[in-house]
Every structure is written in C-alpha cells, then in structure tokens.
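*Asks:* Data: input_0.cif, mmCIF, C-alpha atoms.
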data_start
loop_
_atom_site.label_atom_id
_atom_site.label_comp_id
_atom_site.auth_asym_id
_atom_site.auth_seq_id
_atom_site.Cartn_x
_atom_site.Cartn_y
_atom_site.Cartn_z
CA MET A 1328 70.71 88.75 -67.96
CA ALA A 1329 71.09 85.13 -66.73
CA THR A 1330 70.23 86.22 -63.20
CA LYS A 1331 67.09 88.01 -64.39
CA ARG A 1332 65.92 84.93 -66.34
CA THR A 1333 66.51 82.71 -63.31
CA SER A 1334 64.56 85.06 -61.04
CA THR A 1335 61.69 85.22 -63.51
CA THR A 1336 61.57 81.44 -63.77
CA GLU A 1337 61.55 81.05 -59.97
CA ALA A 1338 58.81 83.64 -59.63
CA ARG A 1339 56.64 81.66 -62.05
CA LEU A 1340 57.01 78.41 -60.10
CA PRO A 1341 53.81 77.64 -58.21
CA LEU A 1342 54.10 78.48 -54.56
CA SER A 1343 54.01 75.44 -52.30
CA ARG A 1344 54.57 74.69 -48.65
CA GLU A 1345 57.88 73.03 -49.55
CA ARG A 1346 59.12 76.15 -51.35
CA VAL A 1347 58.04 78.31 -48.45
CA LEU A 1348 59.87 76.14 -45.92
CA ASP A 1349 63.00 75.86 -48.07
CA ALA A 1350 63.21 79.64 -48.38
CA ALA A 1351 62.50 80.17 -44.67
CA ILE A 1352 65.30 77.79 -43.67
CA ALA A 1353 67.73 79.55 -46.02
CA LEU A 1354 66.85 82.93 -44.51
CA ALA A 1355 67.18 81.62 -40.95
CA ASP A 1356 70.53 79.99 -41.77
CA ALA A 1357 71.80 83.27 -43.20
CA GLY A 1358 70.54 85.68 -40.54
CA GLY A 1359 69.18 83.74 -37.58
CA ILE A 1360 65.60 83.03 -36.62
CA GLU A 1361 65.13 86.60 -35.38
CA SER A 1362 65.68 87.92 -38.89
CA LEU A 1363 62.94 85.77 -40.37
CA SER A 1364 59.71 87.63 -41.10
CA MET A 1365 56.73 86.93 -43.33
CA ARG A 1366 57.46 90.11 -45.28
CA LYS A 1367 61.10 89.18 -45.89
CA LEU A 1368 60.11 85.64 -46.82
CA ALA A 1369 57.54 86.86 -49.32
CA LYS A 1370 60.13 89.15 -50.89
CA GLU A 1371 62.57 86.25 -51.18
CA LEU A 1372 59.92 84.21 -52.99
CA SER A 1373 58.76 87.16 -55.13
CA VAL A 1374 55.18 86.87 -53.89
CA GLU A 1375 52.77 88.94 -51.83
CA ALA A 1376 52.99 88.28 -48.11
CA MET A 1377 49.31 87.30 -47.92
CA SER A 1378 49.89 84.39 -50.31
CA LEU A 1379 52.13 82.73 -47.73
CA TYR A 1380 49.12 82.17 -45.49
CA ASN A 1381 47.77 79.65 -47.97
CA HIS A 1382 50.67 77.41 -46.91
CA VAL A 1383 51.39 78.31 -43.27
CA ALA A 1384 48.93 79.52 -40.66
CA ASN A 1385 51.20 82.18 -39.17
CA LYS A 1386 54.83 82.77 -38.23
CA GLY A 1387 54.56 80.38 -35.30
CA ASP A 1388 53.41 77.63 -37.62
CA LEU A 1389 56.23 78.50 -40.00
CA VAL A 1390 58.89 78.28 -37.27
CA ASP A 1391 57.47 74.97 -36.00
CA ALA A 1392 57.58 73.58 -39.53
CA ILE A 1393 61.18 74.58 -40.28
CA VAL A 1394 62.38 73.30 -36.89
CA ASP A 1395 60.65 70.03 -37.71
CA ARG A 1396 62.41 69.91 -41.08
CA VAL A 1397 65.83 70.40 -39.45
CA VAL A 1398 65.17 67.74 -36.79
CA ARG A 1399 64.22 65.30 -39.55
CA GLU A 1400 67.75 65.65 -40.89
CA ILE A 1401 68.97 63.72 -37.84
CA GLU A 1402 69.75 60.11 -38.69
CA LEU A 1403 67.86 57.39 -36.81
CA PRO A 1404 69.98 54.30 -37.51
CA ALA A 1405 68.38 50.95 -38.23
CA GLU A 1406 68.52 48.57 -35.28
CA THR A 1407 71.53 46.27 -35.61
CA GLY A 1408 71.80 44.99 -32.05
CA ASP A 1409 74.62 47.41 -31.21
CA TRP A 1410 72.81 50.05 -29.15
CA GLU A 1411 76.00 51.97 -28.41
CA ALA A 1412 76.96 52.39 -32.09
CA GLU A 1413 73.40 53.34 -33.04
CA ILE A 1414 73.08 55.96 -30.32
CA ARG A 1415 76.53 57.34 -31.14
CA THR A 1416 75.49 57.73 -34.80
CA TYR A 1417 72.28 59.44 -33.74
CA ALA A 1418 74.06 61.82 -31.36
CA VAL A 1419 76.76 62.80 -33.87
CA SER A 1420 74.14 63.31 -36.60
CA ALA A 1421 72.08 65.55 -34.28
CA HIS A 1422 75.12 67.66 -33.42
CA GLU A 1423 75.98 68.10 -37.10
CA ALA A 1424 72.39 68.99 -38.05
CA PHE A 1425 72.20 71.72 -35.41
CA LEU A 1426 75.59 73.11 -36.46
CA ARG A 1427 74.32 73.34 -40.06
CA HIS A 1428 71.32 75.31 -38.80
CA PRO A 1429 72.58 77.21 -35.70
CA TRP A 1430 69.18 78.82 -34.97
CA ALA A 1431 67.39 75.46 -34.69
CA CYS A 1432 69.00 74.02 -31.56
CA SER A 1433 67.42 76.50 -29.16
CA ALA A 1434 64.16 76.52 -31.11
CA ALA A 1435 63.92 72.72 -30.90
CA MET A 1436 63.89 73.00 -27.10
CA SER A 1437 61.06 75.56 -26.99
CA PRO A 1438 57.42 74.61 -26.35
CA ARG A 1439 55.45 74.04 -29.56
CA GLY A 1440 52.04 75.38 -30.49
CA ASN A 1441 50.24 72.01 -30.30
CA ALA A 1442 51.90 69.79 -27.71
CA SER A 1443 49.91 66.72 -28.78
CA ALA A 1444 50.72 66.97 -32.51
CA PRO A 1445 53.36 64.44 -33.63
CA THR A 1446 56.69 66.07 -34.46
CA ALA A 1447 60.13 64.94 -35.57
CA ARG A 1448 61.42 65.79 -32.08
CA MET A 1449 58.85 63.43 -30.52
CA ARG A 1450 59.80 60.74 -33.05
CA ASN A 1451 63.48 61.10 -32.13
CA ILE A 1452 62.81 61.00 -28.39
CA GLU A 1453 60.69 57.86 -28.81
CA TRP A 1454 63.47 56.25 -30.89
CA LEU A 1455 66.11 56.97 -28.25
CA LEU A 1456 63.94 55.79 -25.35
CA ARG A 1457 62.97 52.60 -27.19
CA ARG A 1458 66.58 51.91 -28.14
CA LEU A 1459 67.66 52.18 -24.50
CA ARG A 1460 64.80 50.04 -23.17
CA GLU A 1461 65.29 47.33 -25.79
CA ALA A 1462 69.03 47.28 -24.99
CA GLY A 1463 68.11 46.21 -21.48
CA PHE A 1464 68.10 49.48 -19.54
CA SER A 1465 65.50 49.63 -16.78
CA PRO A 1466 62.86 52.37 -16.89
CA GLU A 1467 64.71 54.30 -14.18
CA LEU A 1468 68.12 53.97 -15.85
CA THR A 1469 66.57 54.86 -19.22
CA TYR A 1470 65.20 58.03 -17.65
CA HIS A 1471 68.66 59.09 -16.49
CA ALA A 1472 70.40 57.94 -19.68
CA TYR A 1473 68.02 59.88 -21.90
CA HIS A 1474 68.60 63.11 -20.00
CA ALA A 1475 72.37 62.66 -19.99
CA LEU A 1476 72.41 62.13 -23.76
CA ASP A 1477 69.87 64.80 -24.69
CA SER A 1478 71.47 67.43 -22.47
CA HIS A 1479 74.87 66.69 -24.01
CA ILE A 1480 73.54 66.91 -27.58
CA LEU A 1481 71.66 70.16 -27.03
CA GLY A 1482 73.74 71.68 -24.25
CA PHE A 1483 77.16 71.18 -25.81
CA THR A 1484 75.91 72.34 -29.19
CA LEU A 1485 74.49 75.54 -27.68
CA TRP A 1486 77.77 76.08 -25.79
CA GLN A 1487 79.78 75.55 -28.98
CA LEU A 1488 77.59 77.92 -30.99
CA GLY A 1489 77.81 80.54 -28.24
CA HIS A 1490 81.61 80.39 -28.24
CA ALA A 1491 82.06 80.26 -32.01
CA VAL A 1492 84.82 82.55 -33.27
CA LYS A 1493 85.81 83.01 -36.90
CA ARG A 1494 89.24 81.57 -37.60
CA GLU A 1495 90.44 84.86 -39.04
CA ASP A 1496 89.60 86.61 -35.76
CA VAL A 1497 91.41 84.14 -33.50
CA ALA A 1498 94.90 85.63 -33.89
CA ASP A 1499 93.79 89.17 -33.01
CA LEU A 1500 91.78 87.95 -30.01
CA ALA A 1501 94.69 85.85 -28.80
CA ASP A 1502 97.17 88.73 -29.02
CA ALA A 1503 94.92 91.02 -27.00
CA PHE A 1504 94.11 88.31 -24.45
CA PHE A 1505 97.69 87.21 -23.82
CA ARG A 1506 98.98 90.78 -23.53
CA GLU A 1507 96.60 91.62 -20.69
CA PHE A 1508 96.10 88.28 -18.93
CA PRO A 1509 97.56 87.99 -15.37
CA VAL A 1510 99.32 84.69 -16.03
CA ASP A 1511 101.00 84.57 -12.60
CA GLU A 1512 97.60 84.49 -10.89
CA TYR A 1513 95.90 82.06 -13.27
CA PRO A 1514 98.55 79.76 -14.82
CA TYR A 1515 96.17 76.87 -15.48
CA LEU A 1516 93.56 79.11 -17.02
CA MET A 1517 96.30 80.45 -19.31
CA GLU A 1518 97.28 76.91 -20.22
CA HIS A 1519 93.64 76.12 -21.00
CA ALA A 1520 93.24 79.29 -23.07
CA ARG A 1521 96.30 78.42 -25.17
CA GLN A 1522 94.80 75.00 -25.87
CA HIS A 1523 91.65 76.72 -27.15
CA ILE A 1524 93.70 79.00 -29.40
CA ASP A 1525 95.79 76.14 -30.77
CA ALA A 1526 92.68 74.11 -31.57
CA ALA A 1527 90.56 76.97 -32.91
CA GLY A 1528 88.15 75.77 -35.57
CA ASN A 1529 88.83 72.08 -34.96
CA GLU A 1530 88.00 71.36 -31.34
CA GLY A 1531 84.20 71.31 -31.45
CA GLN A 1532 83.67 67.84 -32.87
CA THR A 1533 86.57 66.39 -30.86
CA GLU A 1534 85.29 67.75 -27.57
CA TYR A 1535 81.71 66.78 -28.38
CA GLU A 1536 82.69 63.18 -29.03
CA PHE A 1537 84.94 63.12 -25.95
CA GLY A 1538 81.93 63.97 -23.76
CA LEU A 1539 79.72 61.53 -25.67
CA ASN A 1540 82.26 58.74 -25.09
CA LEU A 1541 82.24 59.45 -21.36
CA ILE A 1542 78.46 59.19 -21.24
CA LEU A 1543 78.29 56.00 -23.30
CA ASP A 1544 81.07 54.35 -21.29
CA SER A 1545 79.24 55.20 -18.06
CA LEU A 1546 75.99 53.83 -19.45
CA LYS A 1547 77.69 50.55 -20.43
CA ARG A 1548 79.01 50.16 -16.89
CA ALA A 1549 75.62 50.99 -15.38
CA LEU A 1550 73.90 48.46 -17.66
CA ALA A 1551 76.42 45.75 -16.79
CA ALA A 1552 75.97 46.41 -13.08
CA ALA A 1553 72.16 46.42 -13.19
#
For the file at hand, write its structure as structure tokens.
*Replies:*
Amino acid sequence: MATKRTSTTEARLPLSRERVLDAAIALADAGGIESLSMRKLAKELSVEAMSLYNHVANKGDLVDAIVDRVVREIELPAETGDWEAEIRTYAVSAHEAFLRHPWACSAAMSPRGNASAPTARMRNIEWLLRRLREAGFSPELTYHAYHALDSHILGFTLWQLGHAVKREDVADLADAFFREFPVDEYPYLMEHARQHIDAAGNEGQTEYEFGLNLILDSLKRALAAA
C-alpha cells in the first residue's frame, strides 16, 4: 500500500524539465543510453509520451541535456595559485563523474546538436585552457597540455569502463584463463594478468592517478624549461 501511495503522489507532481532529466539520467544509469526511449521515460514518470515534448524538443535534445547535467557534476576548483592541485582535482572529479554515469563519457565526446550553444563541456574546456594559460603555459604548450589531460580523462575512463568486470566474476574468469594460458610463451603477460586479478575492483583509481601524475610531472618540467 505504501508503494501505491508513493506512486500516486509522484504521478500528481507537476511535470517539469528537471523531473524529466532526473528520470532520464536514472534510466540511462540503470540500462545505458541505448535503453533510454521517450516511451520508457514517459512510463517511468506515469505520463503520456507526448507530454514530454513540452519540456524537451526530442530525444536528441534530451540526451544533450542529461549529458550536460552529468558534466556539470565535475568540480571546477576555485583558483588558489596552485594550478597543479586545481587541475588534479578537476581531473579526478571528471573521472568519478563519468564512472557514476558510465554512458555519459562517450556521449560527452559526440558532436552536439547546436555547436554554438554554450554547454557545460565548453565551460570546462575554457576553465582548463584558462588555468593553463594563467599558470604561464604558452599557447602552443597549452594546446599540447590540454590534449594530454583531456585524452587521459576520457580515454582512460572509457578503457576502464570497457574492461569492467564484476568482482564476483573475477575468480571464475581467472581460473579459466590460467588453466589455458601458455605461460611458457608469455611469462610477462601472465605476470601482468595476475596483477590485474590481484587488484580487481581496486586498480582503476590507482592507475588513473598514476597516469595523471605522469602527465602533470611532465607539464611541470615543460613549464620550467620554457
């Protein structure tokens, strides 16, 4: 009975763009962006599908809006004079946001409907470029630094999501792998595989920050040498 009362109360709430986007993000988080449809979203909100178009123009507009919402979860630290610490905070926050919403990382890289319309992604890019330039990086070095950082944030996160394995499945996968693997031919690959198995479920953040440290250390050296 409590569930029925809750559903009735939610159904009576006025539909708004915020409610639509909240529900769309929840559906995408649960089943991926491919599973999101206007019909399924309307059912989740207990409304007719046509009523959604009072709040979003179409599915493309909906996807753009929920990607924007996810990207706005990324922290843009206040400027303290420590560009390295600020960019590290930004990069770690971006990684965590895209892990919370696995469908959004790839979608954030896709062309948007209106390329000239301000978006959270544009805001973040401008923040990162400004932070590098104001730290003393030349335009050319900023160009390279931006691409190194952005490709690590997005590229590593996509790699991590693509290799994600549930912890409960690791033991079975490991047993099958180690039984059949030609260890005499590939001893170092076996060593590497065992490291993955031993660190299952914990290595993502560690490896992400290891790569981030390499990039930031290289940028500090490049800035000092400029």
*Asks:* Quick one: distance from CA of Leu1539 (chain A) to CA of Gln1487 (chain A) in Å, one decimal?
*Replies:*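 So the two atoms, CA of Leu1539 (chain A) and CA of Gln1487 (chain A), lie 14.4 Å apart.
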*Asks:* Figure out the distance between CA of His1428 (chain A) and CA of Ala1357 (chain A), please, to one decimal in Å.
*Replies:*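 So the answer is 9.1 Å.
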*Asks:* Since I can't run it myself right now, could you work out what the PyMOL selection byres ((chain A and resi 1472) around 10) selects here and report it as a ChimeraX atom specification?
*Replies:* /A:1455-1456,1459,1464,1466-1471,1473-1478,1542-1543,1545-1546,1549
*Asks:* Write out as JSON an axis-aligned box for region 1366-1371 of chain A: all of its atoms listed in the file, 5 Å added on each side, centre and edge lengths in Å with one decimal.
*Replies:*
{"center_x": 60.0, "center_y": 87.9, "center_z": -48.2, "size_x": 15.1, "size_y": 14.5, "size_z": 15.9}
*Asks:* One decimal, Å: what's the distance from CA of Ala1369 (chain A) over to CA of Leu1426 (chain A), could you say?
*Replies:*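 Result for CA of Ala1369 (chain A) versus CA of Leu1426 (chain A): 26.1 Å, one decimal.
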*Asks:* Just checking: using all atoms listed in the file, which residue out of A:Val1347, A:Trp1454, A:Asp1511, A:His1422 ends up closest to Asn1381 (chain A)?
*Replies:* A:Val1347
*Asks:* Determine the nearest neighbour of Glu1345 (chain A) from the options A:Ile1393, A:Ile1414, A:Ile1524, A:Ile1480, counting only C-alpha atoms.
*Replies:*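 Ranked by minimum distance to Glu1345 (chain A), first place goes to A:Ile1393.
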*Asks:* So, with all atoms listed in the file as the atoms that count, which of A:Ala1412, A:Ile1401, A:Met1436, A:Leu1363 lies closest to Arg1450 (chain A)?
*Replies:*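 For Arg1450 (chain A), the nearest of the given residues is A:Ile1401.
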*Asks:* Quick one: residues within 9 Å of Leu1485 (chain A), only C-alpha atoms counted, chain neighbours fewer than 2 positions away excluded, as JSON, numbers by chain?
*Replies:* {"A": [1425, 1429, 1432, 1433, 1480, 1481, 1482, 1483, 1487, 1488, 1489, 1490]}
*Asks:* What lies within 9 Å of Ala1350 (chain A) using only C-alpha atoms, ignoring chain neighbours under 4 positions off, as a VMD selection string?
*Replies:* chain A and resid 1345 to 1346 1354 to 1355 1368 1371 to 1372
*Asks:* Looking at A:Glu1402, A:Glu1375, A:Glu1411, A:Asp1388, which one is nearest to Asn1540 (chain A), with distances taken over only C-alpha atoms?
*Replies:*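 When distances to Asn1540 (chain A) are compared using only C-alpha atoms, the smallest one comes from A:Glu1411.
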*Asks:* Return the single residue from A:Pro1445, A:Glu1507, A:Gly1531, A:Ala1424 that is closest to Val1397 (chain A), with distances computed using only C-alpha atoms.
*Replies:*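 Of A:Pro1445, A:Glu1507, A:Gly1531, A:Ala1424, the one nearest Val1397 (chain A), counting only C-alpha atoms, is A:Ala1424.
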*Asks:* Using all atoms listed in the file, which residue out of A:Thr1484, A:Lys1367, A:Ala1384, A:Ser1362 lies closest to Ala1421 (chain A)?
*Replies:* A:Thr1484
